[in-house]
Structure formats: structure tokens, C-alpha cells
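**Student:** To be precise about what I am sending: the file is called entry_0.txt and holds compact mmCIF, N, CA and C atoms.
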```
# COMPACT_ATOMS: atom_id res chain seq x y z
N MET A 1 151.02 417.03 17.64
CA MET A 1 149.87 416.63 16.85
C MET A 1 150.34 415.75 15.69
N ARG A 2 149.52 414.76 15.36
CA ARG A 2 149.81 413.86 14.24
C ARG A 2 149.08 414.40 13.01
N ILE A 3 149.85 414.74 11.99
CA ILE A 3 149.29 415.40 10.81
C ILE A 3 149.65 414.63 9.54
N ALA A 4 148.63 414.27 8.79
CA ALA A 4 148.84 413.64 7.48
C ALA A 4 149.00 414.76 6.45
N LEU A 5 149.88 414.55 5.50
CA LEU A 5 150.11 415.51 4.42
C LEU A 5 149.90 414.81 3.09
N GLY A 6 149.26 415.51 2.17
CA GLY A 6 149.06 414.95 0.84
C GLY A 6 149.04 416.05 -0.19
N SER A 7 149.54 415.73 -1.36
CA SER A 7 149.53 416.70 -2.46
C SER A 7 149.60 415.98 -3.79
N ASP A 8 149.24 416.72 -4.83
CA ASP A 8 149.52 416.26 -6.18
C ASP A 8 150.82 416.91 -6.62
N HIS A 9 151.15 416.77 -7.88
CA HIS A 9 152.41 417.33 -8.40
C HIS A 9 152.45 418.85 -8.29
N GLY A 10 151.31 419.51 -8.45
CA GLY A 10 151.26 420.96 -8.35
C GLY A 10 151.52 421.47 -6.94
N GLY A 11 151.20 420.66 -5.95
CA GLY A 11 151.40 421.05 -4.56
C GLY A 11 152.61 420.45 -3.90
N PHE A 12 153.38 419.65 -4.67
CA PHE A 12 154.49 418.91 -4.08
C PHE A 12 155.49 419.80 -3.34
N ARG A 13 155.97 420.85 -3.96
CA ARG A 13 157.00 421.69 -3.33
C ARG A 13 156.48 422.36 -2.06
N LEU A 14 155.25 422.85 -2.10
CA LEU A 14 154.69 423.49 -0.92
C LEU A 14 154.46 422.46 0.19
N LYS A 15 154.04 421.27 -0.17
CA LYS A 15 153.88 420.19 0.82
C LYS A 15 155.19 419.92 1.52
N GLU A 16 156.25 419.85 0.76
CA GLU A 16 157.57 419.59 1.35
C GLU A 16 157.97 420.71 2.32
N TYR A 17 157.67 421.95 1.95
CA TYR A 17 157.97 423.09 2.81
C TYR A 17 157.16 423.01 4.10
N ILE A 18 155.87 422.71 3.97
CA ILE A 18 155.00 422.61 5.14
C ILE A 18 155.41 421.44 6.02
N LYS A 19 155.80 420.35 5.42
CA LYS A 19 156.25 419.18 6.19
C LYS A 19 157.46 419.55 7.05
N GLU A 20 158.42 420.23 6.47
CA GLU A 20 159.60 420.66 7.22
C GLU A 20 159.21 421.64 8.32
N HIS A 21 158.34 422.58 8.01
CA HIS A 21 157.86 423.57 8.98
C HIS A 21 157.20 422.88 10.18
N LEU A 22 156.32 421.94 9.92
CA LEU A 22 155.61 421.25 10.99
C LEU A 22 156.52 420.34 11.80
N THR A 23 157.43 419.68 11.12
CA THR A 23 158.37 418.79 11.81
C THR A 23 159.25 419.58 12.77
N LYS A 24 159.70 420.75 12.35
CA LYS A 24 160.51 421.60 13.23
C LYS A 24 159.74 422.03 14.47
N GLN A 25 158.42 422.11 14.36
CA GLN A 25 157.59 422.49 15.51
C GLN A 25 157.28 421.31 16.42
N GLY A 26 157.72 420.12 16.01
CA GLY A 26 157.50 418.93 16.84
C GLY A 26 156.29 418.10 16.49
N HIS A 27 155.61 418.45 15.40
CA HIS A 27 154.47 417.65 14.97
C HIS A 27 154.96 416.38 14.29
N GLU A 28 154.19 415.34 14.42
CA GLU A 28 154.49 414.06 13.76
C GLU A 28 153.77 414.06 12.41
N CYS A 29 154.53 414.08 11.33
CA CYS A 29 153.95 414.17 9.99
C CYS A 29 154.00 412.83 9.28
N THR A 30 152.89 412.46 8.68
CA THR A 30 152.82 411.28 7.82
C THR A 30 152.63 411.78 6.40
N ASP A 31 153.62 411.55 5.56
CA ASP A 31 153.58 412.02 4.17
C ASP A 31 152.91 410.96 3.31
N CYS A 32 151.73 411.29 2.81
CA CYS A 32 150.96 410.37 1.97
C CYS A 32 151.26 410.53 0.48
N GLY A 33 152.24 411.36 0.15
CA GLY A 33 152.62 411.58 -1.23
C GLY A 33 151.91 412.80 -1.79
N THR A 34 152.23 413.09 -2.96
CA THR A 34 153.15 412.50 -3.89
C THR A 34 154.59 412.82 -3.48
N TYR A 35 155.52 412.15 -4.10
CA TYR A 35 156.91 412.24 -3.67
C TYR A 35 157.83 412.91 -4.68
N ASP A 36 157.26 413.43 -5.76
CA ASP A 36 158.03 414.21 -6.74
C ASP A 36 157.03 415.00 -7.59
N GLU A 37 157.51 415.66 -8.60
CA GLU A 37 156.65 416.52 -9.41
C GLU A 37 156.10 415.83 -10.67
N SER A 38 156.18 414.51 -10.74
CA SER A 38 155.57 413.78 -11.84
C SER A 38 154.05 413.90 -11.74
N SER A 39 153.39 414.02 -12.88
CA SER A 39 151.94 414.21 -12.91
C SER A 39 151.22 413.03 -12.24
N VAL A 40 150.33 413.37 -11.30
CA VAL A 40 149.52 412.39 -10.58
C VAL A 40 148.10 412.95 -10.42
N ASP A 41 147.22 412.15 -9.87
CA ASP A 41 145.83 412.54 -9.67
C ASP A 41 145.58 412.86 -8.20
N TYR A 42 145.16 414.10 -7.93
CA TYR A 42 144.97 414.58 -6.56
C TYR A 42 144.01 413.73 -5.72
N PRO A 43 142.94 413.13 -6.29
CA PRO A 43 142.04 412.35 -5.42
C PRO A 43 142.74 411.20 -4.69
N ASP A 44 143.76 410.62 -5.32
CA ASP A 44 144.47 409.51 -4.69
C ASP A 44 145.14 409.93 -3.40
N TYR A 45 145.70 411.13 -3.36
CA TYR A 45 146.45 411.60 -2.20
C TYR A 45 145.52 412.21 -1.15
N ALA A 46 144.43 412.80 -1.60
CA ALA A 46 143.42 413.27 -0.65
C ALA A 46 142.86 412.08 0.11
N LEU A 47 142.55 411.02 -0.59
CA LEU A 47 141.97 409.84 0.04
C LEU A 47 142.93 409.22 1.05
N LYS A 48 144.20 409.05 0.68
CA LYS A 48 145.17 408.46 1.60
C LYS A 48 145.25 409.24 2.90
N ALA A 49 145.36 410.55 2.80
CA ALA A 49 145.49 411.39 4.00
C ALA A 49 144.19 411.39 4.81
N CYS A 50 143.07 411.50 4.14
CA CYS A 50 141.79 411.57 4.86
C CYS A 50 141.44 410.27 5.56
N LEU A 51 141.81 409.16 4.99
CA LEU A 51 141.56 407.89 5.67
C LEU A 51 142.36 407.78 6.97
N LEU A 52 143.54 408.38 7.00
CA LEU A 52 144.34 408.39 8.23
C LEU A 52 143.67 409.25 9.31
N VAL A 53 142.99 410.30 8.90
CA VAL A 53 142.25 411.12 9.87
C VAL A 53 141.00 410.36 10.30
N LYS A 54 140.30 409.79 9.35
CA LYS A 54 139.06 409.07 9.66
C LYS A 54 139.29 407.93 10.64
N ASP A 55 140.38 407.18 10.47
CA ASP A 55 140.60 406.03 11.35
C ASP A 55 141.34 406.39 12.64
N GLY A 56 141.70 407.68 12.81
CA GLY A 56 142.34 408.12 14.04
C GLY A 56 143.85 407.99 14.08
N THR A 57 144.45 407.51 13.00
CA THR A 57 145.91 407.42 12.94
C THR A 57 146.52 408.81 13.02
N CYS A 58 145.89 409.77 12.37
CA CYS A 58 146.33 411.17 12.41
C CYS A 58 145.19 412.03 12.96
N ASP A 59 145.57 413.12 13.62
CA ASP A 59 144.57 414.03 14.18
C ASP A 59 143.94 414.91 13.12
N ARG A 60 144.76 415.35 12.18
CA ARG A 60 144.31 416.25 11.11
C ARG A 60 145.14 415.99 9.87
N ALA A 61 144.75 416.66 8.77
CA ALA A 61 145.51 416.55 7.53
C ALA A 61 145.59 417.90 6.84
N VAL A 62 146.68 418.08 6.10
CA VAL A 62 146.87 419.25 5.25
C VAL A 62 147.06 418.74 3.83
N LEU A 63 146.24 419.26 2.91
CA LEU A 63 146.26 418.83 1.51
C LEU A 63 146.57 420.01 0.61
N ILE A 64 147.36 419.78 -0.42
CA ILE A 64 147.77 420.86 -1.32
C ILE A 64 147.74 420.38 -2.76
N CYS A 65 147.08 421.16 -3.61
CA CYS A 65 147.18 420.98 -5.05
C CYS A 65 147.41 422.36 -5.64
N SER A 66 147.27 422.52 -6.92
CA SER A 66 147.56 423.81 -7.54
C SER A 66 146.68 424.93 -7.00
N THR A 67 145.37 424.70 -6.97
CA THR A 67 144.45 425.71 -6.46
C THR A 67 143.87 425.36 -5.10
N GLY A 68 143.93 424.11 -4.72
CA GLY A 68 143.31 423.64 -3.49
C GLY A 68 141.87 423.20 -3.70
N ILE A 69 141.31 423.53 -4.83
CA ILE A 69 139.90 423.26 -5.07
C ILE A 69 139.64 421.76 -5.26
N GLY A 70 140.33 421.16 -6.21
CA GLY A 70 140.09 419.75 -6.50
C GLY A 70 140.35 418.84 -5.31
N ILE A 71 141.46 419.09 -4.63
CA ILE A 71 141.82 418.22 -3.51
C ILE A 71 140.86 418.38 -2.34
N SER A 72 140.29 419.59 -2.18
CA SER A 72 139.30 419.78 -1.11
C SER A 72 137.98 419.10 -1.46
N ILE A 73 137.60 419.13 -2.72
CA ILE A 73 136.39 418.43 -3.15
C ILE A 73 136.53 416.94 -2.89
N ALA A 74 137.67 416.38 -3.28
CA ALA A 74 137.91 414.95 -3.06
C ALA A 74 137.89 414.61 -1.57
N ALA A 75 138.52 415.43 -0.76
CA ALA A 75 138.59 415.18 0.68
C ALA A 75 137.20 415.13 1.29
N ASN A 76 136.34 416.03 0.87
CA ASN A 76 135.00 416.11 1.46
C ASN A 76 134.08 414.99 1.03
N LYS A 77 134.54 414.09 0.18
CA LYS A 77 133.76 412.91 -0.17
C LYS A 77 133.95 411.78 0.85
N VAL A 78 134.92 411.93 1.74
CA VAL A 78 135.17 410.91 2.76
C VAL A 78 134.32 411.22 3.99
N CYS A 79 133.48 410.27 4.39
CA CYS A 79 132.62 410.47 5.55
C CYS A 79 133.46 410.82 6.77
N GLY A 80 133.01 411.84 7.49
CA GLY A 80 133.71 412.27 8.70
C GLY A 80 134.74 413.34 8.48
N ILE A 81 135.01 413.65 7.23
CA ILE A 81 136.01 414.69 6.92
C ILE A 81 135.29 416.01 6.70
N ARG A 82 135.82 417.03 7.34
CA ARG A 82 135.37 418.40 7.13
C ARG A 82 136.59 419.19 6.68
N CYS A 83 136.71 419.34 5.40
CA CYS A 83 137.87 419.99 4.79
C CYS A 83 137.49 421.39 4.34
N ALA A 84 138.36 422.34 4.66
CA ALA A 84 138.15 423.73 4.23
C ALA A 84 139.34 424.19 3.41
N LEU A 85 139.04 424.87 2.33
CA LEU A 85 140.05 425.50 1.49
C LEU A 85 140.30 426.90 2.04
N CYS A 86 141.52 427.16 2.46
CA CYS A 86 141.85 428.45 3.07
C CYS A 86 143.07 429.07 2.40
N HIS A 87 142.96 430.36 2.13
CA HIS A 87 144.07 431.10 1.55
C HIS A 87 144.37 432.37 2.35
N ASP A 88 143.81 432.44 3.57
CA ASP A 88 144.08 433.58 4.44
C ASP A 88 143.93 433.14 5.89
N LEU A 89 144.45 433.95 6.79
CA LEU A 89 144.47 433.61 8.21
C LEU A 89 143.07 433.62 8.84
N LEU A 90 142.23 434.56 8.45
CA LEU A 90 140.89 434.62 9.02
C LEU A 90 140.09 433.37 8.71
N SER A 91 140.13 432.93 7.47
CA SER A 91 139.42 431.71 7.10
C SER A 91 139.95 430.51 7.88
N ALA A 92 141.26 430.44 8.04
CA ALA A 92 141.86 429.33 8.78
C ALA A 92 141.37 429.30 10.23
N ARG A 93 141.30 430.46 10.85
CA ARG A 93 140.84 430.53 12.24
C ARG A 93 139.35 430.21 12.34
N LEU A 94 138.55 430.84 11.49
CA LEU A 94 137.10 430.65 11.59
C LEU A 94 136.66 429.24 11.22
N THR A 95 137.36 428.60 10.31
CA THR A 95 136.96 427.25 9.93
C THR A 95 137.21 426.25 11.06
N ARG A 96 138.15 426.56 11.93
CA ARG A 96 138.35 425.74 13.13
C ARG A 96 137.32 426.12 14.21
N GLU A 97 137.16 427.41 14.47
CA GLU A 97 136.23 427.86 15.51
C GLU A 97 134.78 427.46 15.22
N HIS A 98 134.36 427.63 13.97
CA HIS A 98 132.95 427.44 13.62
C HIS A 98 132.64 426.07 13.04
N ASN A 99 133.56 425.49 12.29
CA ASN A 99 133.28 424.25 11.56
C ASN A 99 134.03 423.04 12.08
N ASN A 100 134.94 423.25 13.03
CA ASN A 100 135.75 422.16 13.60
C ASN A 100 136.36 421.30 12.49
N THR A 101 136.94 421.96 11.50
CA THR A 101 137.52 421.21 10.38
C THR A 101 138.68 420.34 10.84
N ASN A 102 138.80 419.20 10.19
CA ASN A 102 139.90 418.29 10.49
C ASN A 102 140.87 418.15 9.32
N VAL A 103 140.57 418.81 8.22
CA VAL A 103 141.45 418.83 7.06
C VAL A 103 141.50 420.25 6.50
N LEU A 104 142.71 420.69 6.18
CA LEU A 104 142.95 422.00 5.59
C LEU A 104 143.48 421.79 4.17
N ALA A 105 142.91 422.50 3.22
CA ALA A 105 143.40 422.47 1.85
C ALA A 105 143.91 423.86 1.47
N MET A 106 144.96 423.87 0.66
CA MET A 106 145.53 425.12 0.15
C MET A 106 145.96 424.92 -1.29
N GLY A 107 146.08 426.05 -1.99
CA GLY A 107 146.53 426.04 -3.37
C GLY A 107 147.94 426.59 -3.49
N ALA A 108 148.84 425.77 -3.99
CA ALA A 108 150.24 426.18 -4.13
C ALA A 108 150.42 427.30 -5.13
N PHE A 109 149.50 427.43 -6.10
CA PHE A 109 149.59 428.52 -7.07
C PHE A 109 148.99 429.81 -6.52
N ILE A 110 148.34 429.71 -5.36
CA ILE A 110 147.61 430.83 -4.78
C ILE A 110 148.39 431.48 -3.63
N VAL A 111 148.96 430.66 -2.76
CA VAL A 111 149.68 431.18 -1.58
C VAL A 111 151.15 430.82 -1.65
N GLY A 112 151.98 431.69 -1.16
CA GLY A 112 153.41 431.43 -1.06
C GLY A 112 153.72 430.64 0.21
N GLU A 113 154.97 430.26 0.33
CA GLU A 113 155.39 429.41 1.45
C GLU A 113 155.14 430.04 2.81
N LYS A 114 155.53 431.28 2.99
CA LYS A 114 155.40 431.92 4.31
C LYS A 114 153.93 432.08 4.71
N LEU A 115 153.09 432.51 3.78
CA LEU A 115 151.68 432.63 4.09
C LEU A 115 151.08 431.25 4.36
N ALA A 116 151.44 430.26 3.57
CA ALA A 116 150.92 428.90 3.78
C ALA A 116 151.29 428.40 5.17
N ALA A 117 152.53 428.62 5.59
CA ALA A 117 152.95 428.20 6.93
C ALA A 117 152.15 428.93 8.01
N ALA A 118 151.91 430.21 7.82
CA ALA A 118 151.12 430.99 8.79
C ALA A 118 149.68 430.48 8.84
N ILE A 119 149.11 430.12 7.70
CA ILE A 119 147.76 429.59 7.64
C ILE A 119 147.69 428.27 8.40
N VAL A 120 148.65 427.40 8.16
CA VAL A 120 148.69 426.11 8.85
C VAL A 120 148.82 426.33 10.36
N ASP A 121 149.70 427.23 10.78
CA ASP A 121 149.88 427.51 12.21
C ASP A 121 148.58 428.01 12.84
N GLU A 122 147.91 428.94 12.17
CA GLU A 122 146.65 429.48 12.68
C GLU A 122 145.61 428.39 12.81
N TRP A 123 145.53 427.54 11.81
CA TRP A 123 144.55 426.46 11.78
C TRP A 123 144.83 425.44 12.89
N ILE A 124 146.09 425.11 13.09
CA ILE A 124 146.45 424.12 14.11
C ILE A 124 146.19 424.66 15.52
N LYS A 125 146.53 425.90 15.77
CA LYS A 125 146.43 426.43 17.13
C LYS A 125 145.01 426.81 17.55
N THR A 126 144.10 426.94 16.60
CA THR A 126 142.75 427.40 16.90
C THR A 126 141.86 426.23 17.31
N PRO A 127 141.26 426.32 18.50
CA PRO A 127 140.34 425.26 18.93
C PRO A 127 138.93 425.50 18.39
N PHE A 128 138.13 424.46 18.40
CA PHE A 128 136.71 424.58 18.09
C PHE A 128 136.04 425.34 19.23
N SER A 129 135.14 426.23 18.91
CA SER A 129 134.51 427.07 19.93
C SER A 129 133.59 426.31 20.87
N ASN A 130 133.04 425.21 20.42
CA ASN A 130 132.06 424.42 21.18
C ASN A 130 130.76 425.18 21.45
N GLU A 131 130.57 426.29 20.75
CA GLU A 131 129.30 426.99 20.90
C GLU A 131 128.17 426.12 20.34
N GLU A 132 127.05 426.16 21.01
CA GLU A 132 125.92 425.30 20.65
C GLU A 132 125.50 425.51 19.20
N ARG A 133 125.45 426.76 18.75
CA ARG A 133 124.99 427.02 17.38
C ARG A 133 125.91 426.37 16.35
N HIS A 134 127.23 426.38 16.63
CA HIS A 134 128.17 425.76 15.69
C HIS A 134 128.09 424.23 15.77
N ALA A 135 127.97 423.70 16.98
CA ALA A 135 127.83 422.25 17.14
C ALA A 135 126.57 421.75 16.44
N ASN A 136 125.48 422.51 16.56
CA ASN A 136 124.23 422.12 15.88
C ASN A 136 124.40 422.08 14.38
N ARG A 137 125.10 423.05 13.85
CA ARG A 137 125.32 423.09 12.39
C ARG A 137 126.19 421.93 11.93
N ILE A 138 127.20 421.61 12.69
CA ILE A 138 128.06 420.46 12.34
C ILE A 138 127.23 419.18 12.39
N ASN A 139 126.36 419.06 13.38
CA ASN A 139 125.49 417.88 13.45
C ASN A 139 124.58 417.79 12.24
N LYS A 140 124.11 418.92 11.74
CA LYS A 140 123.29 418.91 10.52
C LYS A 140 124.10 418.45 9.31
N VAL A 141 125.37 418.84 9.27
CA VAL A 141 126.25 418.36 8.20
C VAL A 141 126.40 416.85 8.30
N HIS A 142 126.60 416.34 9.52
CA HIS A 142 126.70 414.89 9.72
C HIS A 142 125.41 414.18 9.30
N ASP A 143 124.28 414.80 9.59
CA ASP A 143 123.00 414.21 9.17
C ASP A 143 122.93 414.09 7.65
N ILE A 144 123.35 415.11 6.94
CA ILE A 144 123.39 415.07 5.47
C ILE A 144 124.31 413.94 5.02
N GLU A 145 125.48 413.89 5.61
CA GLU A 145 126.47 412.86 5.28
C GLU A 145 125.88 411.47 5.49
N ASN A 146 125.26 411.25 6.63
CA ASN A 146 124.70 409.94 6.95
C ASN A 146 123.54 409.57 6.05
N ARG A 147 122.79 410.56 5.61
CA ARG A 147 121.61 410.28 4.79
C ARG A 147 121.94 410.08 3.31
N TYR A 148 122.89 410.87 2.80
CA TYR A 148 123.10 410.89 1.35
C TYR A 148 124.43 410.34 0.86
N LEU A 149 125.41 410.18 1.74
CA LEU A 149 126.73 409.78 1.25
C LEU A 149 127.07 408.32 1.55
N LYS A 150 126.15 407.56 1.99
CA LYS A 150 126.46 406.15 2.28
C LYS A 150 125.87 405.24 1.25
```
Any chance you could put this one into C-alpha cells?
**Tutor:**
Amino acid sequence: MRIALGSDHGGFRLKEYIKEHLTKQGHECTDCGTYDESSVDYPDYALKACLLVKDGTCDRAVLICSTGIGISIAANKVCGIRCALCHDLLSARLTREHNNTNVLAMGAFIVGEKLAAAIVDEWIKTPFSNEERHANRINKVHDIENRYLK
């Protein structure tokens, strides 16, 4: 799988850990930055990664900031992106099964490396359920996006 990675300074170390974890599993990772712990603005890195998902260069993206909140808000401003903030395995699984998310956000101050890697693994391996009720709900989200975000 082709995965874009993005973080701000607060998420830099965890991003690097996740990048190594995913690369060892054979995933193709595109690192959209940041590249050190110097203070930066999370929307810049959310946008870079999400645009790669939107245009099909990457299949999905993983975004990390201190709490995961800001970077997930920024990600969800990009049309076609369905980003979920997850700090546990159940949320990671259900957000794929029910919401067909294409971007995962996490908070480096909230989850440790091992849990973050497990969350990413759960999220990557879980397919969308394709149940009609979930597809209908996603279509309603797209309708909102098309009506109000353009």
C-alpha cells in the first residue's frame, strides 16, 4: 500500500517510528514532513499528505500532531478526505468498516509507539464493510461536502 505520512513538530518522532514500522512491512511511504522538531504549522503537512490521497498518488495517509485534533480538522477540509482521529484499536477498525476512512490521525502525546503501530496496523488491514447503510451515510457526507465545501 502507498501511504503518505505527515506530522508537525509534536508528532515528528512518532511519525518517524511509524514510517519505519510501515516500511518494514513493505508499504511504500511518502514522507510529507516535517523533517525535524522545529516548530511548524500542522495544516501545511496535513494538506500535503491529503492531496496525495486525493489525487491517487497514495492510497491512504497517516497524520500525527501532539493530540491529533488539529491535524485531523485540517485534513477534513480537503474534499474527498475522510480522516478519523483514533487512539484505540476499536476506533481504528470501526472507522474503516463503517466510514471507509482514507486518512488516520493520531496524537503523539496521547499514544505511545507500540499502541500507535498497532492502531495503524488495524486500520490498514480492515476493509470497508460495503454495507448499504454505511455506504448511504458516506454518500450523505459527500453530499454535504459537495454542497457546502466548494
**Student:** Work out how far atom CA of Lys24 of chain A is from atom C of Glu113 of chain A, in Å to one decimal.
**Tutor:**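 Computing the Euclidean distance for atom C of Glu113 of chain A and atom CA of Lys24 of chain A yields 14.4 Å.
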**Student:** Any chance you could list, as an NGL selection string, the residues in segment 22-143 of chain A that come up strand (DSSP E or B) when DSSP is run on the backbone?
**Tutor:** :A and (28-31 or 60-65 or 83-85 or 103-107)
**Student:** In Å, how far is it from atom C of Glu37 of chain A to atom CA of His9 of chain A?
**Tutor:** 4.6 Å
**Student:** Could you check how far atom N of Val111 of chain A sits from atom C of Ser66 of chain A, in Å to one decimal?
**Tutor:** 7.5 Å
**Student:** With only C-alpha atoms as the counted atoms, please give the residues lying no more than 10 Å from Asp31 of chain A, apart from itself and same-chain residues fewer than 3 positions off, as a PyMOL selection string.
**Tutor:** chain A and resi 3-7+15-16+19+28+34-35+45+48-49+61-62
**Student:** Restricting it to N, CA and C atoms, dump the selection as a short mmCIF file (atom, residue, chain, number, x, y, z; two decimals), keeping the file's coordinate frame.
**Tutor:**
```cif
data_model
loop_
_atom_site.label_atom_id
_atom_site.label_comp_id
_atom_site.auth_asym_id
_atom_site.auth_seq_id
_atom_site.Cartn_x
_atom_site.Cartn_y
_atom_site.Cartn_z
N ILE A 3 149.85 414.74 11.99
CA ILE A 3 149.29 415.40 10.81
C ILE A 3 149.65 414.63 9.54
N ALA A 4 148.63 414.27 8.79
CA ALA A 4 148.84 413.64 7.48
C ALA A 4 149.00 414.76 6.45
N LEU A 5 149.88 414.55 5.50
CA LEU A 5 150.11 415.51 4.42
C LEU A 5 149.90 414.81 3.09
N GLY A 6 149.26 415.51 2.17
CA GLY A 6 149.06 414.95 0.84
C GLY A 6 149.04 416.05 -0.19
N SER A 7 149.54 415.73 -1.36
CA SER A 7 149.53 416.70 -2.46
C SER A 7 149.60 415.98 -3.79
N LYS A 15 154.04 421.27 -0.17
CA LYS A 15 153.88 420.19 0.82
C LYS A 15 155.19 419.92 1.52
N GLU A 16 156.25 419.85 0.76
CA GLU A 16 157.57 419.59 1.35
C GLU A 16 157.97 420.71 2.32
N LYS A 19 155.80 420.35 5.42
CA LYS A 19 156.25 419.18 6.19
C LYS A 19 157.46 419.55 7.05
N GLU A 28 154.19 415.34 14.42
CA GLU A 28 154.49 414.06 13.76
C GLU A 28 153.77 414.06 12.41
N THR A 34 152.23 413.09 -2.96
CA THR A 34 153.15 412.50 -3.89
C THR A 34 154.59 412.82 -3.48
N TYR A 35 155.52 412.15 -4.10
CA TYR A 35 156.91 412.24 -3.67
C TYR A 35 157.83 412.91 -4.68
N TYR A 45 145.70 411.13 -3.36
CA TYR A 45 146.45 411.60 -2.20
C TYR A 45 145.52 412.21 -1.15
N LYS A 48 144.20 409.05 0.68
CA LYS A 48 145.17 408.46 1.60
C LYS A 48 145.25 409.24 2.90
N ALA A 49 145.36 410.55 2.80
CA ALA A 49 145.49 411.39 4.00
C ALA A 49 144.19 411.39 4.81
N ALA A 61 144.75 416.66 8.77
CA ALA A 61 145.51 416.55 7.53
C ALA A 61 145.59 417.90 6.84
N VAL A 62 146.68 418.08 6.10
CA VAL A 62 146.87 419.25 5.25
C VAL A 62 147.06 418.74 3.83
#
```
**Student:** I want to know what sits within 8 Å of Ala116 of chain A, based on only N, CA and C atoms, with residues of the same chain fewer than 6 positions away left out; could you give that as a list in words?
**Tutor:** Ile18, Cys86, His87, Asp88, Met106, Ile110 and Glu122 of chain A
**Student:** Here is a test: counting all atoms listed in the file, which residue of A:Thr30, A:Val78, A:Ala84, A:Ser39 is nearest to Asn102 of chain A?
**Tutor:**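 Looking at the shortest contact to Asn102 of chain A, the residue is A:Ala84.
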